[in-house]
Amino acid sequence: MAAPTTPAEIGGIGHSVQRKEDARLIEGQGNFLDDIELPNTLHMAILRSPLAHARINGIDFSAATDLDGVVAVVTGDLMDQHGLAWMPTLSGDTQAVLATDKVRYQGQEVAAVIATDPYIATDALELIEVDYEDLPPITTPQQSLEDGAALIRDEKEGQTDNLVYTWETGDKGATEEAFAQADRVVTLETHYPRSHPAPLETCGILADVNSVTGQATIYMTSQAPHAHRTLFAMVAGLPEQNIRIVSPDIGGGFGNKVPIYPGYVVATAASLLIGQPVKWVESRTENLISTGFARDYYMKGELAVTDEGRILGLRVNMLSDQGAFYSDAQPTQFRAGLFHVVTGSYDFPAAHIDCKGAFTNKAPGGVAYRCSFRITEASYLIERLVQNAAYEVGIDPAEMRLRNFIQPEQFPYETATGFVYDSGDYPTALRTALEEVGYEDLRREQAEARAEGRLIGIGIAHFTEAVGAGPSHTYDIAGLKMIDSAELRVHPTGKAILKLGVKTQGQGHETTFAQIVAEVLGIPANDIKVEHGDTDHTPYGLGTYASRSTPVGGAATAVVARKLADKAKKIAAHLLEAAEEDIELASGVLSVAGSPDRSVTIQDIALAAYTNLPEGMEYGLEDVTYYDPPNLTYPYGSYIVVVEVDPDTGVWQVQRMVALDDCGVRINPMIVEGQICGGLTEGFAMSAMQWITFDDDGNCIGANFMDYLVPTAWETPRFELLATEVPSPHHPIGAKGVGESATVGSPAAFVNAVIDAVAHLGVRNIDMPVLPDRVWAAIDEAS
Amino acid sequence: MEITVTINGSDHASDVEPRTLLVDHIRRTVGLTGTHVGCDTTSCGACTVLMDGKPVKACTVLAAQADGAEVTTVEGLKTADGLHPIQSAFTDDHGLQCGFCTPGMMLVGASFIAENPDPSDDEVRWAISGNLCRCTGYMNIVKAIQTAAARVAESSNGS
């Protein structure tokens with residue numbers, strides 16, 4: 001790791017500065033959505049469908065309307081009168097706001113009650129009678145695409161089957177040729193199961209529309225407040241200048257708070273119609289059954305390999321379960337997100353990816369759960385395949401990777417599916433992690449244990465992510481280019497305010513983005529206030545997800561700070577009567593080259609910017625930058641997991657977890673390591689227990705935290721963290737983004753470890769979550 | 001029904017519906033919003049408060065059950081002497097990210113280290129296993145609770 005260039009009291013890049021966010025949060029003074037109270041606030045509760053697929057023949061809500069305290073009952077018919085029964089999704093589909101014709105998944109929004117008290121609103125739901133006519137539910141994408149399957153989206157013009165999209169990329173001919181030359185083909189069919197980000201705070205809104213002025217102030221758990229303002233303007237037809245979205249403290253997001261949900265639209269419409277603020281905060285069950293699921297990819301991967309263990313090509317067929325509406329939050333031109341990064345960390349010439357999505361009677365979503373648009377699924381598939389290929393060829397899984405890695409001198413490296421990886425040193429990363437874990441000794445212990453009837457497994461995953469969307473030539477969401485921004489003003493006393501287009505959900509932007517400014521200008525990080533989340537008070541940006549805050553918003557921050565540094569040098573030249581090109585700026589001191597005693601501080605400059613300027617210069621020390629990244633960034637890492645599997649029960653325990661991450665330059669090492677530990681835990685969660693599943697009638701099994709298991713401290717493994725630091729060559733401070741690396745990379749490491757424990761029996765796949773009964777069944781079947 | 005709950009040392013007399021949950025009473029009637037709601041099933045612990053010194057999940061206690069009880073919420077951790085050691089340890093050891101689980105974690109931690117002044121990693125993990133965190137992976141929470149325990153022990157040895 002490079003040493004910090006600023007002293008600790010300035011707290012620039014590389015210092016583990018304590019978080020500014022903490023002071024309010026440890027005293028219960030955070031300001032989360034449900035903490036916000038406005039006078040005369042009404043409360044909304046949503047009636048949801050108990051059935052997965054049914055026609056609505058009528059809704060009788062008269063008894064609910066009559067209940068004391070109920071102000072209004074909103075149905076799809078009422079929304080339809082205002083043109084709001086349907087809304088566009090982020091993937092170009094439409095989604096029902098409140099069902100008018102039929103319900104298409106369990107938990108779908110059918111009606112809403114607005115009342116003076118949240119308890120009364122919930123009571124009133126019980127008094128609404130809906131006349132449902134059962135329709136056959138479709139619960140798998142395979143069923144959905146069968147001939148004669150019931151049509152889920154019968155309202156959609158031109159839709160004659162349940163196919164959502166087809167999408168392919170890569171070179172089919174070249175891939176066929178590669179397979180023709182292969183000594184063997186290694187195949188893996190596996191399901192990346194439906195999961196849910198489940199941030200501890202659920203989603204919510206407090207909509208306050210002034211019916212006289214038309215001003216809509218919308219407090220919302222939003223990871224992307226600016227984009228949401230624009231989308232609200234487009235959907236509701238409200239003038240954009242009259243919409244102010246305020247995203248307050250957010251209790252975790254992980255992708256769950258990227259989409260616009262029907263409840264937001266209903267609450268806003270209700271506030272407009274009633275003329276009072278309307279608050280809606282999801283229950284945990286609503287959160288799990290209706291908002292933003294993730295994954296649900298059925299994948300078949302084939303790897304063409306030689307007997308020497310060289311990979312020649314990759315073929316992938318993928319079928320995704322999209323639920324009832326296609327609402328993946330992803331860049332417009334990619335129908336399966338960045339799934340085509342599936343070639344991973346390996347150098348081979350040919351790949352072909354063929355994707356298909358199907359509607360089912362399940363909740364929509366397809367959010368990137370701590371992930372850059374489906375990269376988690378991709379990374380999982382290639383790392384599982386490479387591990388299996390090693391078994392088939394008969395070489396060690398670590399050696400298999402080392403033989404196929406893209407080499408450091410090959411960067412920039414264009415993959416077979418068109419990503420241009422900017423930098424990396426994969427062999428060093430993997431060798432460092434292998435050494436730390438004591439790989440060779442572990443393999444010996446594994447063999448000895450096997451002789452005693454004990455099952456030890458060592459799983460490796462070496463992931464490469466593609467994050468920081470993204471360059472305007474390729475990346476947009478709903479037409480909006482995926483740039484981001486920073487606005488910086490230094491005040492006369494030398495204290496600064498930095499305003500961001502991105503929005504933290506716990507990542508610590510108020511601290512780390514101040515550190516970037518501290519690094520460039522030398523103003524102490526603690527003298528820099530970071531503002532974000534309020535669209536009226538921050539510059540435009542696409543928000544925080546897909547690990548894009550540091551790659552894009554962080555770059556904008558560095559660039560705007562450099563603009564101010566340039567002006568500061570001009571002012572310093574004036575104050576010191578020196579030539580501008582002779583002024584050097586280091587740790588907040590501007591001095592004349594060669595005469596360090598002739599100097600002024602950045603605080604002197606700040607005052608001069610408002611009091612004493614060179615002739616003709618505009619007053620102030622302030623600027624804004626909109627940053628359009630030239631490329632994505634490519635963080636990577638080597639993860640190694642050691643497990644012991646109980647052959648009698650299938651229960652597995654993690655013995656070791658070594659995680660090496662290269663996220664380029666680390667702005668705040670403490671925060672980076674915190675992000676990695678959190679991400680590893682979510683990776684462990686998906687591999688071991690988290691699962692949103694359904695019965696054959698489309699009932700969601702996993703609708704609360706008793707059935708949807710997220711790990712507690714007791715199950716969560718201890719992690720041993722390592723780092724290398726290859727800076728991104730194109731990012732202004734060499735950072736790459738890190739919030740999602742560990743969630744992307746670690747599931748394959750955990751699953752590979754379990755498979756490795758039983759691979760000698762011939763087991764090559766156990767689908768996630770790798771539950772003990774599945775392990776036991778795999779052992780039983782193999783032996 | 002009429003109840004009086006002592007919250008962070010102040011008596012709060014109110015007329016509540018019998019079905020009112022303690023967490024709603026604390027948040028909406030008394031107006032202390034540091035206690036959070038993360039689930040409806042007593043699973044996540046975001047709503048944890050101390051009732052007569054013991055951690056309870058305030059989403060599964062009726063306000064009526066707290067009649068006459070002493071309740072401590074996150075807002076009551078700090079004293080005239082300053083932050084509770086668990087609060088400063090959470091900051092020092094980066095034991096929080098989004099901060100939503102933090103009040104519950106700190107209250108469980110504070111109550112736990114009062115009974116176990118030198119806990120092992122496993123003991124802390126077991127003690128907080130009724131509280132979920134989605135951000136940190138727990139490592140730094142465990143560390144923060146151990147740090148707080150050590151600081152409490154140190155200050156009581158010194159006095």
# chains A, B, ... in the order shown; residues from 1 in each chain; ligands from 1

call {"tool": "select_by_dssp", "arguments": {"residues": "range 94-201 of chain A", "states": "alpha helix (DSSP H)", "output": "number ranges by chain"}}
result
A: 118-125, 141-144, 172-181

call {"tool": "residues_around", "arguments": {"residues": "Ala69 in chain B", "least_positions_apart": "6", "cutoff": "7 Å", "atoms": "only C-alpha atoms", "output": "PyMOL selection string"}}
result
chain B and resi 5-6+51-52

call {"tool": "interface_residues", "arguments": {"of": "chain B", "to": "chain A", "cutoff": "7 Å", "atoms": "only C-alpha atoms", "output": "NGL selection string"}}
result
:B and (33-34 or 38-40 or 43 or 74-75 or 87 or 91-92 or 97-100 or 102-103 or 125-126 or 128-129 or 132 or 134-139)

call {"tool": "write_last_selection", "arguments": {"atoms": "N, CA, C and O atoms", "output": "compact mmCIF listing (two decimals), in the first residue's frame"}}
result
# COMPACT_ATOMS: atom_id res chain seq x y z
N THR B 33 -36.83 8.60 18.14
CA THR B 33 -36.80 7.80 16.91
C THR B 33 -35.49 7.03 16.72
O THR B 33 -35.27 6.44 15.66
N GLY B 34 -34.65 7.01 17.75
CA GLY B 34 -33.41 6.24 17.62
C GLY B 34 -33.66 4.74 17.66
O GLY B 34 -32.82 3.95 17.22
N GLY B 38 -37.10 -3.08 12.05
CA GLY B 38 -36.53 -3.73 10.88
C GLY B 38 -37.30 -4.95 10.42
O GLY B 38 -37.08 -5.45 9.32
N CYS B 39 -38.18 -5.48 11.27
CA CYS B 39 -38.98 -6.63 10.86
C CYS B 39 -40.23 -6.64 11.72
O CYS B 39 -40.45 -5.73 12.51
N ASP B 40 -41.06 -7.65 11.52
CA ASP B 40 -42.29 -7.71 12.30
C ASP B 40 -42.32 -8.97 13.14
O ASP B 40 -43.34 -9.35 13.68
N SER B 43 -37.19 -10.82 14.87
CA SER B 43 -36.00 -11.51 14.34
C SER B 43 -34.78 -10.63 14.28
O SER B 43 -33.66 -11.12 14.39
N VAL B 74 -31.50 4.10 22.99
CA VAL B 74 -30.17 4.58 22.58
C VAL B 74 -29.94 6.02 23.02
O VAL B 74 -28.82 6.41 23.36
N GLU B 75 -31.02 6.80 23.04
CA GLU B 75 -30.87 8.20 23.45
C GLU B 75 -30.47 8.31 24.92
O GLU B 75 -30.00 9.38 25.35
N GLN B 87 -20.59 3.30 22.88
CA GLN B 87 -20.79 4.24 21.77
C GLN B 87 -19.45 4.65 21.15
O GLN B 87 -19.29 4.62 19.94
N THR B 91 -17.61 3.67 17.23
CA THR B 91 -16.97 4.59 16.29
C THR B 91 -15.50 4.21 16.08
O THR B 91 -15.04 4.11 14.95
N ASP B 92 -14.79 3.99 17.16
CA ASP B 92 -13.35 3.72 17.05
C ASP B 92 -13.07 2.46 16.25
O ASP B 92 -12.09 2.39 15.50
N GLN B 97 -22.05 0.89 9.85
CA GLN B 97 -22.01 1.46 8.51
C GLN B 97 -23.28 2.29 8.28
O GLN B 97 -23.27 3.50 8.43
N CYS B 98 -24.40 1.63 7.96
CA CYS B 98 -25.62 2.43 7.74
C CYS B 98 -26.18 2.94 9.06
O CYS B 98 -26.90 3.93 9.10
N GLY B 99 -25.90 2.26 10.16
CA GLY B 99 -26.32 2.73 11.47
C GLY B 99 -27.71 2.32 11.89
O GLY B 99 -28.17 2.72 12.96
N PHE B 100 -28.40 1.51 11.07
CA PHE B 100 -29.79 1.19 11.40
C PHE B 100 -29.88 0.14 12.51
O PHE B 100 -30.75 0.23 13.38
N THR B 102 -27.53 -0.27 14.69
CA THR B 102 -26.57 0.14 15.73
C THR B 102 -27.20 0.38 17.10
O THR B 102 -26.65 -0.10 18.11
N PRO B 103 -28.31 1.10 17.21
CA PRO B 103 -28.88 1.30 18.55
C PRO B 103 -29.17 -0.03 19.26
O PRO B 103 -28.80 -0.20 20.43
N ARG B 125 -20.47 -13.09 19.99
CA ARG B 125 -21.29 -13.48 18.84
C ARG B 125 -22.60 -14.12 19.29
O ARG B 125 -23.65 -13.88 18.71
N TRP B 126 -22.52 -14.92 20.32
CA TRP B 126 -23.74 -15.57 20.80
C TRP B 126 -24.68 -14.51 21.41
O TRP B 126 -25.89 -14.52 21.18
N ILE B 128 -25.03 -11.40 20.65
CA ILE B 128 -25.69 -10.51 19.69
C ILE B 128 -26.39 -11.29 18.57
O ILE B 128 -26.81 -10.71 17.57
N SER B 129 -26.55 -12.59 18.76
CA SER B 129 -27.11 -13.39 17.67
C SER B 129 -28.61 -13.15 17.49
O SER B 129 -29.20 -13.66 16.54
N LEU B 132 -29.62 -8.54 13.89
CA LEU B 132 -29.07 -8.67 12.54
C LEU B 132 -28.40 -7.38 12.10
O LEU B 132 -28.88 -6.28 12.40
N ARG B 134 -26.77 -6.02 8.31
CA ARG B 134 -26.60 -6.37 6.90
C ARG B 134 -25.37 -5.72 6.28
O ARG B 134 -25.08 -5.96 5.11
N CYS B 135 -24.70 -4.85 7.02
CA CYS B 135 -23.60 -4.09 6.42
C CYS B 135 -22.21 -4.58 6.81
O CYS B 135 -21.32 -4.64 5.98
N THR B 136 -22.01 -4.88 8.08
CA THR B 136 -20.63 -4.97 8.58
C THR B 136 -20.02 -6.36 8.56
O THR B 136 -18.81 -6.50 8.67
N GLY B 137 -20.84 -7.39 8.48
CA GLY B 137 -20.29 -8.73 8.63
C GLY B 137 -19.89 -9.05 10.06
O GLY B 137 -19.21 -10.02 10.32
N TYR B 138 -20.31 -8.20 10.98
CA TYR B 138 -20.22 -8.42 12.44
C TYR B 138 -18.82 -8.31 13.03
O TYR B 138 -18.67 -8.08 14.23
N MET B 139 -17.76 -8.50 12.24
CA MET B 139 -16.40 -8.57 12.81
C MET B 139 -16.11 -7.34 13.68
O MET B 139 -15.63 -7.46 14.80

call {"tool": "residues_around", "arguments": {"residues": "Pro193 in chain A", "least_positions_apart": "3", "cutoff": "7 Å", "atoms": "only C-alpha atoms", "output": "list in words"}}
result
Arg295, Asp296, Tyr297, Trp691 and Met768 of chain A

call {"tool": "residues_around", "arguments": {"residues": "range 75-86 of chain A", "least_positions_apart": "5", "cutoff": "8 Å", "atoms": "only C-alpha atoms", "output": "PyMOL selection string"}}
result
chain A and resi 94-100+110-112+235-236+266

call {"tool": "write_last_selection", "arguments": {"atoms": "N, CA and C atoms", "output": "JSON list (two decimals), in the first residue's frame"}}
result
[["chain", "number", "residue", "atom", "x", "y", "z"],
["A", 94, "THR", "N", -43.76, -2.22, -18.75],
["A", 94, "THR", "CA", -44.67, -1.49, -17.88],
["A", 94, "THR", "C", -45.04, -2.39, -16.71],
["A", 95, "GLN", "N", -45.34, -1.75, -15.58],
["A", 95, "GLN", "CA", -45.68, -2.49, -14.37],
["A", 95, "GLN", "C", -46.96, -1.90, -13.80],
["A", 96, "ALA", "N", -47.84, -2.78, -13.30],
["A", 96, "ALA", "CA", -49.08, -2.29, -12.69],
["A", 96, "ALA", "C", -48.75, -1.55, -11.40],
["A", 97, "VAL", "N", -49.35, -0.38, -11.21],
["A", 97, "VAL", "CA", -49.20, 0.35, -9.95],
["A", 97, "VAL", "C", -50.20, -0.23, -8.95],
["A", 98, "LEU", "N", -51.47, -0.22, -9.32],
["A", 98, "LEU", "CA", -52.49, -0.99, -8.58],
["A", 98, "LEU", "C", -53.21, -1.81, -9.64],
["A", 99, "ALA", "N", -53.42, -3.08, -9.34],
["A", 99, "ALA", "CA", -53.93, -4.00, -10.35],
["A", 99, "ALA", "C", -55.33, -3.59, -10.80],
["A", 100, "THR", "N", -55.56, -3.60, -12.08],
["A", 100, "THR", "CA", -56.90, -3.31, -12.60],
["A", 100, "THR", "C", -57.53, -4.54, -13.21],
["A", 110, "VAL", "N", -52.89, -4.16, -4.82],
["A", 110, "VAL", "CA", -54.26, -4.19, -5.33],
["A", 110, "VAL", "C", -55.02, -2.92, -4.94],
["A", 111, "ALA", "N", -54.84, -2.46, -3.74],
["A", 111, "ALA", "CA", -55.53, -1.24, -3.29],
["A", 111, "ALA", "C", -54.70, -0.64, -2.16],
["A", 112, "ALA", "N", -54.98, 0.63, -1.86],
["A", 112, "ALA", "CA", -54.26, 1.28, -0.77],
["A", 112, "ALA", "C", -55.26, 2.04, 0.09],
["A", 235, "VAL", "N", -43.14, 10.08, -15.32],
["A", 235, "VAL", "CA", -44.28, 9.19, -15.04],
["A", 235, "VAL", "C", -45.52, 9.99, -14.66],
["A", 236, "ALA", "N", -45.34, 10.93, -13.72],
["A", 236, "ALA", "CA", -46.50, 11.62, -13.17],
["A", 236, "ALA", "C", -46.83, 12.90, -13.93],
["A", 266, "VAL", "N", -48.37, 5.58, -5.63],
["A", 266, "VAL", "CA", -49.69, 5.73, -5.00],
["A", 266, "VAL", "C", -49.63, 6.79, -3.90]]
